[in-house]
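S.K.: Sharing my_file-v5.tsv (TSV, C-alpha atoms) below.
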```tsv
chain	number	residue	atom	x	y	z
A	1	MET	CA	0.00	0.00	0.00
A	2	LYS	CA	1.44	3.35	-1.03
A	3	ALA	CA	1.03	6.20	1.46
A	4	GLN	CA	-1.02	9.10	0.19
A	5	PHE	CA	-0.18	12.43	1.76
A	6	LYS	CA	-2.81	15.06	1.02
A	7	THR	CA	-1.38	17.81	3.21
A	8	ILE	CA	2.28	18.16	4.16
A	9	ILE	CA	3.94	20.85	6.27
A	10	VAL	CA	7.54	21.82	5.60
A	11	PRO	CA	9.00	24.10	8.26
A	12	THR	CA	11.98	25.99	6.86
A	13	ASP	CA	14.89	27.93	8.26
A	14	PHE	CA	16.08	28.52	4.67
A	15	SER	CA	18.96	26.05	5.08
A	16	ASP	CA	20.09	23.49	2.50
A	17	THR	CA	18.45	20.67	4.49
A	18	ALA	CA	15.16	22.59	4.59
A	19	GLU	CA	15.40	22.98	0.81
A	20	MET	CA	15.95	19.22	0.44
A	21	ALA	CA	12.96	18.60	2.73
A	22	LEU	CA	10.79	20.75	0.46
A	23	HIS	CA	11.81	18.70	-2.57
A	24	TYR	CA	10.91	15.51	-0.72
A	25	ALA	CA	7.52	16.96	0.23
A	26	LEU	CA	6.77	17.98	-3.35
A	27	ASP	CA	7.50	14.42	-4.47
A	28	LEU	CA	5.49	12.81	-1.65
A	29	VAL	CA	2.30	14.89	-1.78
A	30	GLN	CA	-0.53	13.42	-3.82
A	31	ASP	CA	-1.83	15.18	-6.91
A	32	GLY	CA	-4.31	17.82	-5.83
A	33	GLY	CA	-2.67	17.95	-2.40
A	34	THR	CA	-1.19	20.86	-0.48
A	35	VAL	CA	2.31	21.61	0.76
A	36	VAL	CA	2.42	24.29	3.44
A	37	VAL	CA	5.89	25.82	3.70
A	38	CYS	CA	6.20	27.72	6.96
A	39	HIS	CA	8.85	29.79	8.67
A	40	VAL	CA	8.63	30.46	12.39
A	41	ILE	CA	10.15	33.67	13.68
A	42	ASP	CA	11.29	33.23	17.26
A	43	ASP	CA	10.15	36.45	18.94
A	44	ILE	CA	12.42	36.12	21.99
A	45	PRO	CA	15.48	37.63	20.23
A	46	LEU	CA	13.21	40.34	18.80
A	47	THR	CA	12.10	41.24	22.31
A	48	TYR	CA	15.35	40.93	24.25
A	49	GLY	CA	18.23	40.86	21.81
A	50	TYR	CA	18.32	44.30	20.22
A	51	VAL	CA	19.08	46.93	22.84
A	52	GLY	CA	19.38	50.51	21.65
A	53	MET	CA	17.20	50.17	18.57
A	54	SER	CA	16.10	53.52	17.18
A	55	PHE	CA	12.59	52.34	16.20
A	56	PRO	CA	9.72	50.59	18.00
A	57	ILE	CA	9.95	46.82	18.43
A	58	GLU	CA	6.65	46.30	16.59
A	59	ASP	CA	8.06	48.05	13.49
A	60	PHE	CA	11.11	45.81	13.68
A	61	ARG	CA	8.90	42.69	14.07
A	62	THR	CA	6.90	43.75	10.99
A	63	LYS	CA	10.09	44.28	8.95
A	64	VAL	CA	11.48	40.87	9.98
A	65	SER	CA	8.15	39.26	8.99
A	66	GLN	CA	8.12	41.00	5.60
A	67	ASP	CA	11.72	39.97	4.90
A	68	ALA	CA	10.96	36.37	5.90
A	69	LYS	CA	7.85	36.30	3.68
A	70	ARG	CA	9.92	37.43	0.66
A	71	GLU	CA	12.59	34.82	1.39
A	72	LEU	CA	9.94	32.15	1.92
A	73	GLU	CA	8.28	32.83	-1.43
A	74	ALA	CA	11.68	32.84	-3.16
A	75	CYS	CA	12.56	29.38	-1.81
A	76	ILE	CA	9.62	27.64	-3.54
A	77	PRO	CA	11.06	25.68	-6.48
A	78	ALA	CA	9.35	25.41	-9.83
A	79	HIS	CA	7.40	22.17	-10.04
A	80	ASP	CA	5.19	20.52	-12.61
A	81	ARG	CA	2.89	18.75	-10.15
A	82	GLU	CA	-0.78	19.51	-9.65
A	83	VAL	CA	-0.26	20.61	-6.04
A	84	VAL	CA	-0.97	23.77	-4.09
A	85	VAL	CA	2.01	25.34	-2.33
A	86	GLU	CA	1.10	27.74	0.45
A	87	THR	CA	3.47	29.85	2.53
A	88	GLN	CA	2.95	30.91	6.10
A	89	ILE	CA	4.90	33.05	8.56
A	90	LEU	CA	4.38	32.19	12.23
A	91	HIS	CA	5.70	33.77	15.43
A	92	GLY	CA	6.84	31.94	18.54
A	93	SER	CA	8.81	28.81	19.33
A	94	PRO	CA	9.61	26.92	16.09
A	95	PRO	CA	8.73	23.43	17.39
A	96	THR	CA	5.61	24.62	19.22
A	97	GLU	CA	4.24	26.60	16.28
A	98	THR	CA	5.01	23.80	13.80
A	99	VAL	CA	3.09	21.27	15.90
A	100	LYS	CA	0.26	23.75	16.46
A	101	LEU	CA	-0.05	24.32	12.70
A	102	ALA	CA	-0.01	20.57	12.07
A	103	ARG	CA	-2.91	20.12	14.50
A	104	GLU	CA	-4.88	23.05	13.06
A	105	ARG	CA	-4.46	21.90	9.45
A	106	THR	CA	-4.87	18.16	10.24
A	107	VAL	CA	-1.79	17.36	8.16
A	108	ASP	CA	-0.74	13.89	7.05
A	109	LEU	CA	3.02	14.45	7.27
A	110	ILE	CA	5.67	16.92	8.41
A	111	VAL	CA	8.89	16.92	6.36
A	112	MET	CA	11.75	18.88	7.88
A	113	GLY	CA	15.48	19.24	7.75
A	114	THR	CA	17.85	18.88	10.67
A	115	HIS	CA	21.33	20.23	11.21
A	116	GLY	CA	22.44	17.03	12.92
A	117	ARG	CA	23.92	18.68	15.99
A	118	SER	CA	25.40	16.33	18.52
A	119	GLY	CA	27.11	16.41	21.88
A	120	LEU	CA	27.29	19.70	23.75
A	121	GLN	CA	25.73	21.71	20.92
A	122	HIS	CA	22.66	19.45	20.95
A	123	ALA	CA	22.44	19.53	24.75
A	124	LEU	CA	22.60	23.33	24.85
A	125	LEU	CA	20.47	24.15	21.83
A	126	GLY	CA	18.19	21.13	21.72
A	127	SER	CA	16.75	19.98	18.47
A	128	VAL	CA	13.73	21.51	16.79
A	129	ALA	CA	13.23	18.26	14.85
A	130	GLU	CA	13.38	16.17	18.03
A	131	LYS	CA	10.80	18.38	19.75
A	132	VAL	CA	8.50	18.24	16.72
A	133	ILE	CA	8.81	14.44	16.54
A	134	ARG	CA	7.83	14.11	20.22
A	135	LYS	CA	4.70	16.29	19.92
A	136	ALA	CA	3.52	15.96	16.31
A	137	PRO	CA	0.04	14.58	15.63
A	138	CYS	CA	1.29	12.90	12.46
A	139	PRO	CA	4.40	11.16	11.08
A	140	VAL	CA	7.55	13.27	10.71
A	141	LEU	CA	10.16	12.69	8.00
A	142	VAL	CA	13.52	14.19	8.97
A	143	VAL	CA	16.04	15.01	6.25
A	144	ARG	CA	19.59	14.90	7.59
A	145	GLU	CA	22.21	17.47	6.69
A	146	HIS	CA	24.87	14.91	5.81
A	147	GLY	CA	22.58	12.17	4.60
A	148	VAL	CA	22.34	10.61	1.19
A	149	GLY	CA	22.05	13.20	-1.57
A	150	TYR	CA	18.68	13.84	-3.13
A	151	SER	CA	18.07	14.37	-6.80
A	152	HIS	CA	14.68	16.00	-7.27
A	153	GLU	CA	14.90	15.69	-11.02
A	154	ALA	CA	15.51	11.97	-10.83
A	155	GLY	CA	12.94	11.61	-8.05
A	156	GLU	CA	15.22	9.43	-5.94
A	157	ALA	CA	17.52	9.60	-2.97
```
Would you mind writing the file's structure down as C-alpha cells?

M.R.:
Amino acid sequence: MKAQFKTIIVPTDFSDTAEMALHYALDLVQDGGTVVVCHVIDDIPLTYGYVGMSFPIEDFRTKVSQDAKRELEACIPAHDREVVVETQILHGSPPTETVKLARERTVDLIVMGTHGRSGLQHALLGSVAEKVIRKAPCPVLVVREHGVGYSHEAGEA
C-alpha cells in the first residue's frame, strides 16, 4: 500500500536541508494535495536581543516578517505537479508553532530538515526536529544534513 499524503507541512529555516525537505515533500504529496511551507520567527530575540534600537519593536517585528515572507516565497522551487504550495509566517517557538499548525491543518506528514547537531551543541540548543517528533500529531520525516544526496529531477535519494 502506497502512502497518500494530502497535506504536508515543511518548516523551513532557509537552510540546505530545509530545501531538500521541500523537494521531498513535493514528491510525496498526492496530486491535488497541499504543501504548506512555513517559517517560524522566534520572537524572543526580537524582544530581548536588540538593545538601543532607534525604532519601535513592533516596526522591527513587521520588517522581519516581511523579509521572511519574501525569502519564503523565493525558496519555492518550480514544479510541474498539480499541487498547491502555500506559505505561512508564524511567530513563537519553532517546534511549538510547527506542531500547532499541524494540528490546526490536520496534516498527514511533516517533512523537515535537521542540522544534525550532537554532543554539547545538541544539549545546549536542543533539536527543533526532536521536539516536533515528540509532539507531532502525524508522522515526521527528517532530512539529515549529511545524509544521502537527493536528486529531485531523478525523483530518488

S.K.: Quick one: pull the distance between atom CA of Gln66 of chain A and atom CA of Glu86 of chain A, Å, one decimal.

M.R.: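 Interatomic distance, atom CA of Gln66 of chain A to atom CA of Glu86 of chain A: 15.9 Å.
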
S.K.: Here is a test: counting all atoms listed in the file, which residue of A:Ser127, A:Gln30, A:Thr17, A:Thr7 is nearest to Glu104 of chain A?

M.R.: A:Thr7

S.K.: Quick one, how far is atom CA of Phe5 of chain A from atom CA of Ala129 of chain A?

M.R.: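 That distance, rounded to one decimal, is 19.6 Å.
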
S.K.: Grab the atom CA of Met112 of chain A to atom CA of Ala3 of chain A distance for me, in Å with one decimal place.

M.R.: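 About the pair atom CA of Met112 of chain A and atom CA of Ala3 of chain A: they are 17.8 Å apart.
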
S.K.: Pick out the closest residue to Ala102 of chain A from this set: A:Ala68, A:Val132, A:Leu26, A:Val40. Count only C-alpha atoms.

M.R.: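 Selected residue with least distance to Ala102 of chain A: A:Val132.
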
S.K.: Choose the residue, out of A:Asp42, A:Cys75, A:Val83, A:Val99, that has the smallest atom-to-atom separation from Ala21 of chain A; count only C-alpha atoms.

M.R.: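 Residue with the minimum atom-to-atom distance to Ala21 of chain A: A:Cys75.
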
S.K.: Could you pull the residues within 10 Å of Val128 of chain A, counting all atoms listed in the file, minus those fewer than 3 positions along the same chain, as a list in words?

M.R.: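 The neighbour list is Ser93, Pro94, Pro95, Thr96, Thr98, Met112, Gly113, Thr114, His115, Leu125, Lys131, Val132 and Ile133 of chain A.
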
S.K.: Please provide as an MDAnalysis selection string all residues within 9 Å of Gln88 of chain A, with the sequence filter that same-chain residues fewer than 6 positions apart are discarded (counting all atoms listed in the file).

M.R.: chainID A and resid 36:40 69 72

S.K.: Include C-alpha atoms and write out the residues we just selected as a PDB file, in the frame of the given file.

M.R.:
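Saved to result19.pdb:
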```
ATOM      1  CA  VAL A  36       2.420  24.290   3.440  1.00  0.00           C
ATOM      2  CA  VAL A  37       5.890  25.820   3.700  1.00  0.00           C
ATOM      3  CA  CYS A  38       6.200  27.720   6.960  1.00  0.00           C
ATOM      4  CA  HIS A  39       8.850  29.790   8.670  1.00  0.00           C
ATOM      5  CA  VAL A  40       8.630  30.460  12.390  1.00  0.00           C
ATOM      6  CA  LYS A  69       7.850  36.300   3.680  1.00  0.00           C
ATOM      7  CA  LEU A  72       9.940  32.150   1.920  1.00  0.00           C
TER       8      LEU A  72
END
```

S.K.: Check the smallest atom-to-atom distance from each of A:Ile9, A:Ile41, A:Leu28, A:Phe14 to Gly92 of chain A using all atoms listed in the file, then report the winner.

M.R.: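 Closest to Gly92 of chain A of all the choices is A:Ile41.
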
S.K.: Nearest to Val10 of chain A among A:Leu141, A:Leu22, A:Val64, A:Leu90, with distances taken over all atoms listed in the file: which residue is it?

M.R.: A:Leu22

S.K.: Kindly indicate which residue among A:Leu101, A:Cys138, A:Val84, A:Ile76 lies nearest to Met20 of chain A, using all atoms listed in the file for the distances.

M.R.: A:Ile76
